Amino acid sequence: MTQLTNAQRAFLRKMAHPLKPTVMLGKQGLTEQLLAKLDQELNAHELIKVRLIDGKDQKQELAQTIVAATEATLISMVGYVLVLYREQADPERRTIILPAG
């Protein structure tokens, strides 16, 4: 994926504002099942919110690990909620059209 511009990030943050977190990172931590769920949600919605319930003291490391494992882009981190975006691989299934650079 190409690097997102500030305007594209702002556009995605605006789209993510009304969304509810679809994935919760709890006591079990970052498991294979959680990564599979993240991958499934990103494939279905492209833009998701993730709430960190446990591991709050290491949220930066968790965010970087999630981004690396899912090949998503971290749009924002407000408190303990991450906003992730990954463009749908199939152009016909894309629901989010980013504004030009």
# chains A, B, ... in the order shown; residues from 1 in each chain; ligands from 1

$ residues_around --residues "Leu47 of chain A" --least-positions-apart "3" --cutoff "12 Å" --atoms "only C-alpha atoms" --output "JSON, numbers by chain"
{"A": [9, 11, 12, 13, 14, 15, 16, 17, 18, 19, 20, 21, 22, 23, 38, 39, 40, 41, 42, 43, 44, 50, 72, 73, 74, 75, 76, 82, 83, 84, 85, 86, 87, 88, 94, 95, 96, 97, 98]}

$ select_by_dssp --residues "segment 1-95 of chain A" --states "strand (DSSP E)" --output "number ranges by chain"
A: 23-25, 47-52, 73-78, 81-85

$ select_by_dssp --residues "segment 52-85 of chain A" --states "helix (DSSP H, G or I)" --output "list in words"
Lys56, Asp57, Gln58, Lys59, Gln60, Glu61, Leu62, Ala63, Gln64, Thr65, Ile66, Val67, Ala68, Ala69 and Thr70 of chain A

$ residues_around --residues "segment 26-34 of chain A" --least-positions-apart "4" --cutoff "8 Å" --atoms "only C-alpha atoms" --output "ChimeraX atom specification"
/A:38,52-55,62

$ write_last_selection --atoms "C-alpha atoms" --output "PDB file, in the first residue's frame"
ATOM      1  CA  LEU A  38      -8.578  -8.600  12.614  1.00  0.00           C
ATOM      2  CA  LEU A  52      -7.328  -2.373  23.938  1.00  0.00           C
ATOM      3  CA  ILE A  53      -8.866  -3.705  27.145  1.00  0.00           C
ATOM      4  CA  ASP A  54      -5.740  -5.300  28.537  1.00  0.00           C
ATOM      5  CA  GLY A  55      -2.102  -4.463  27.900  1.00  0.00           C
ATOM      6  CA  LEU A  62       0.742  -3.670  20.546  1.00  0.00           C
TER       7      LEU A  62
END

$ decode --residues "segment 48-64 of chain A" --atoms "all heavy atoms" --output "CSV table (one decimal), in the first residue's frame"
chain,number,residue,atom,x,y,z
A,48,ILE,N,-11.6,-0.2,10.5
A,48,ILE,CA,-12.1,-0.8,11.7
A,48,ILE,C,-11.5,-0.1,13.0
A,48,ILE,O,-10.5,0.6,12.9
A,48,ILE,CB,-11.8,-2.3,11.9
A,48,ILE,CG1,-10.4,-2.6,11.9
A,48,ILE,CG2,-12.5,-3.0,10.8
A,48,ILE,CD1,-10.0,-4.0,12.3
A,49,LYS,N,-12.2,-0.2,14.1
A,49,LYS,CA,-11.7,0.2,15.4
A,49,LYS,C,-11.3,-1.0,16.2
A,49,LYS,O,-12.1,-2.0,16.2
A,49,LYS,CB,-12.7,1.1,16.1
A,49,LYS,CG,-12.8,2.5,15.6
A,49,LYS,CD,-13.7,3.3,16.5
A,49,LYS,CE,-13.7,4.8,16.1
A,49,LYS,NZ,-14.7,5.6,16.9
A,50,VAL,N,-10.2,-0.9,17.0
A,50,VAL,CA,-9.8,-2.0,17.9
A,50,VAL,C,-9.7,-1.3,19.3
A,50,VAL,O,-9.0,-0.3,19.4
A,50,VAL,CB,-8.5,-2.6,17.4
A,50,VAL,CG1,-8.0,-3.7,18.4
A,50,VAL,CG2,-8.6,-3.1,16.0
A,51,ARG,N,-10.3,-1.9,20.3
A,51,ARG,CA,-10.2,-1.4,21.6
A,51,ARG,C,-9.2,-2.3,22.4
A,51,ARG,O,-9.3,-3.5,22.4
A,51,ARG,CB,-11.5,-1.4,22.4
A,51,ARG,CG,-11.4,-1.0,23.8
A,51,ARG,CD,-12.8,-0.9,24.5
A,51,ARG,NE,-13.6,0.1,23.9
A,51,ARG,CZ,-13.5,1.5,24.1
A,51,ARG,NH1,-12.5,1.9,24.8
A,51,ARG,NH2,-14.4,2.3,23.6
A,52,LEU,N,-8.3,-1.7,23.1
A,52,LEU,CA,-7.3,-2.4,23.9
A,52,LEU,C,-7.9,-2.4,25.4
A,52,LEU,O,-8.0,-1.4,26.0
A,52,LEU,CB,-6.0,-1.7,23.9
A,52,LEU,CG,-5.3,-1.5,22.6
A,52,LEU,CD1,-4.0,-0.7,22.7
A,52,LEU,CD2,-5.1,-2.8,21.9
A,53,ILE,N,-8.3,-3.6,25.8
A,53,ILE,CA,-8.9,-3.7,27.1
A,53,ILE,C,-7.8,-4.1,28.1
A,53,ILE,O,-7.7,-3.6,29.3
A,53,ILE,CB,-10.0,-4.8,27.2
A,53,ILE,CG1,-11.1,-4.3,26.3
A,53,ILE,CG2,-10.5,-5.0,28.6
A,53,ILE,CD1,-12.2,-5.3,26.0
A,54,ASP,N,-6.8,-4.9,27.7
A,54,ASP,CA,-5.7,-5.3,28.5
A,54,ASP,C,-4.4,-5.0,27.8
A,54,ASP,O,-4.4,-4.8,26.6
A,54,ASP,CB,-5.8,-6.8,28.8
A,54,ASP,CG,-5.1,-7.2,30.1
A,54,ASP,OD1,-4.9,-6.3,30.9
A,54,ASP,OD2,-4.7,-8.4,30.2
A,55,GLY,N,-3.4,-4.8,28.5
A,55,GLY,CA,-2.1,-4.5,27.9
A,55,GLY,C,-2.0,-3.0,27.6
A,55,GLY,O,-1.3,-2.6,26.7
A,56,LYS,N,-2.7,-2.2,28.4
A,56,LYS,CA,-2.8,-0.8,28.1
A,56,LYS,C,-1.4,-0.1,28.3
A,56,LYS,O,-1.1,0.9,27.7
A,56,LYS,CB,-3.8,-0.1,29.0
A,56,LYS,CG,-5.2,-0.5,28.6
A,56,LYS,CD,-6.2,0.1,29.5
A,56,LYS,CE,-7.6,-0.3,29.2
A,56,LYS,NZ,-8.6,0.3,30.0
A,57,ASP,N,-0.6,-0.7,29.2
A,57,ASP,CA,0.7,-0.1,29.5
A,57,ASP,C,1.7,-0.2,28.3
A,57,ASP,O,2.7,0.4,28.2
A,57,ASP,CB,1.3,-0.7,30.7
A,57,ASP,CG,1.4,-2.2,30.7
A,57,ASP,OD1,0.6,-2.8,30.0
A,57,ASP,OD2,2.2,-2.8,31.4
A,58,GLN,N,1.4,-1.1,27.4
A,58,GLN,CA,2.2,-1.3,26.2
A,58,GLN,C,1.5,-1.1,24.9
A,58,GLN,O,1.7,-1.8,23.9
A,58,GLN,CB,2.9,-2.7,26.2
A,58,GLN,CG,1.8,-3.8,26.3
A,58,GLN,CD,2.3,-5.0,27.1
A,58,GLN,OE1,3.1,-4.9,28.0
A,58,GLN,NE2,1.8,-6.2,26.7
A,59,LYS,N,0.6,-0.1,24.9
A,59,LYS,CA,-0.3,0.1,23.7
A,59,LYS,C,0.5,0.4,22.4
A,59,LYS,O,0.1,0.0,21.3
A,59,LYS,CB,-1.4,1.1,24.0
A,59,LYS,CG,-0.9,2.5,24.2
A,59,LYS,CD,-2.1,3.4,24.4
A,59,LYS,CE,-1.6,4.9,24.6
A,59,LYS,NZ,-2.7,5.8,24.7
A,60,GLN,N,1.6,1.2,22.5
A,60,GLN,CA,2.4,1.5,21.4
A,60,GLN,C,3.0,0.2,20.7
A,60,GLN,O,2.9,0.1,19.5
A,60,GLN,CB,3.6,2.4,21.7
A,60,GLN,CG,3.1,3.8,22.1
A,60,GLN,CD,2.6,4.6,21.0
A,60,GLN,OE1,2.8,4.3,19.8
A,60,GLN,NE2,1.8,5.7,21.3
A,61,GLU,N,3.5,-0.7,21.5
A,61,GLU,CA,4.1,-1.9,21.0
A,61,GLU,C,3.0,-2.8,20.4
A,61,GLU,O,3.2,-3.4,19.3
A,61,GLU,CB,4.8,-2.7,22.1
A,61,GLU,CG,6.0,-2.0,22.6
A,61,GLU,CD,5.7,-1.0,23.7
A,61,GLU,OE1,4.6,-1.0,24.3
A,61,GLU,OE2,6.6,-0.2,24.1
A,62,LEU,N,1.9,-2.9,21.1
A,62,LEU,CA,0.7,-3.7,20.5
A,62,LEU,C,0.3,-3.1,19.2
A,62,LEU,O,0.0,-3.9,18.3
A,62,LEU,CB,-0.4,-3.7,21.5
A,62,LEU,CG,-0.3,-4.6,22.7
A,62,LEU,CD1,-1.4,-4.4,23.7
A,62,LEU,CD2,-0.3,-6.1,22.3
A,63,ALA,N,0.2,-1.8,19.1
A,63,ALA,CA,-0.3,-1.2,17.9
A,63,ALA,C,0.7,-1.5,16.7
A,63,ALA,O,0.2,-1.9,15.6
A,63,ALA,CB,-0.4,0.3,18.0
A,64,GLN,N,2.0,-1.4,17.0
A,64,GLN,CA,3.0,-1.7,15.9
A,64,GLN,C,2.9,-3.2,15.5
A,64,GLN,O,3.1,-3.5,14.4
A,64,GLN,CB,4.4,-1.3,16.4
A,64,GLN,CG,4.5,0.2,16.6
A,64,GLN,CD,4.1,1.0,15.4
A,64,GLN,OE1,4.4,0.6,14.2
A,64,GLN,NE2,3.4,2.1,15.6
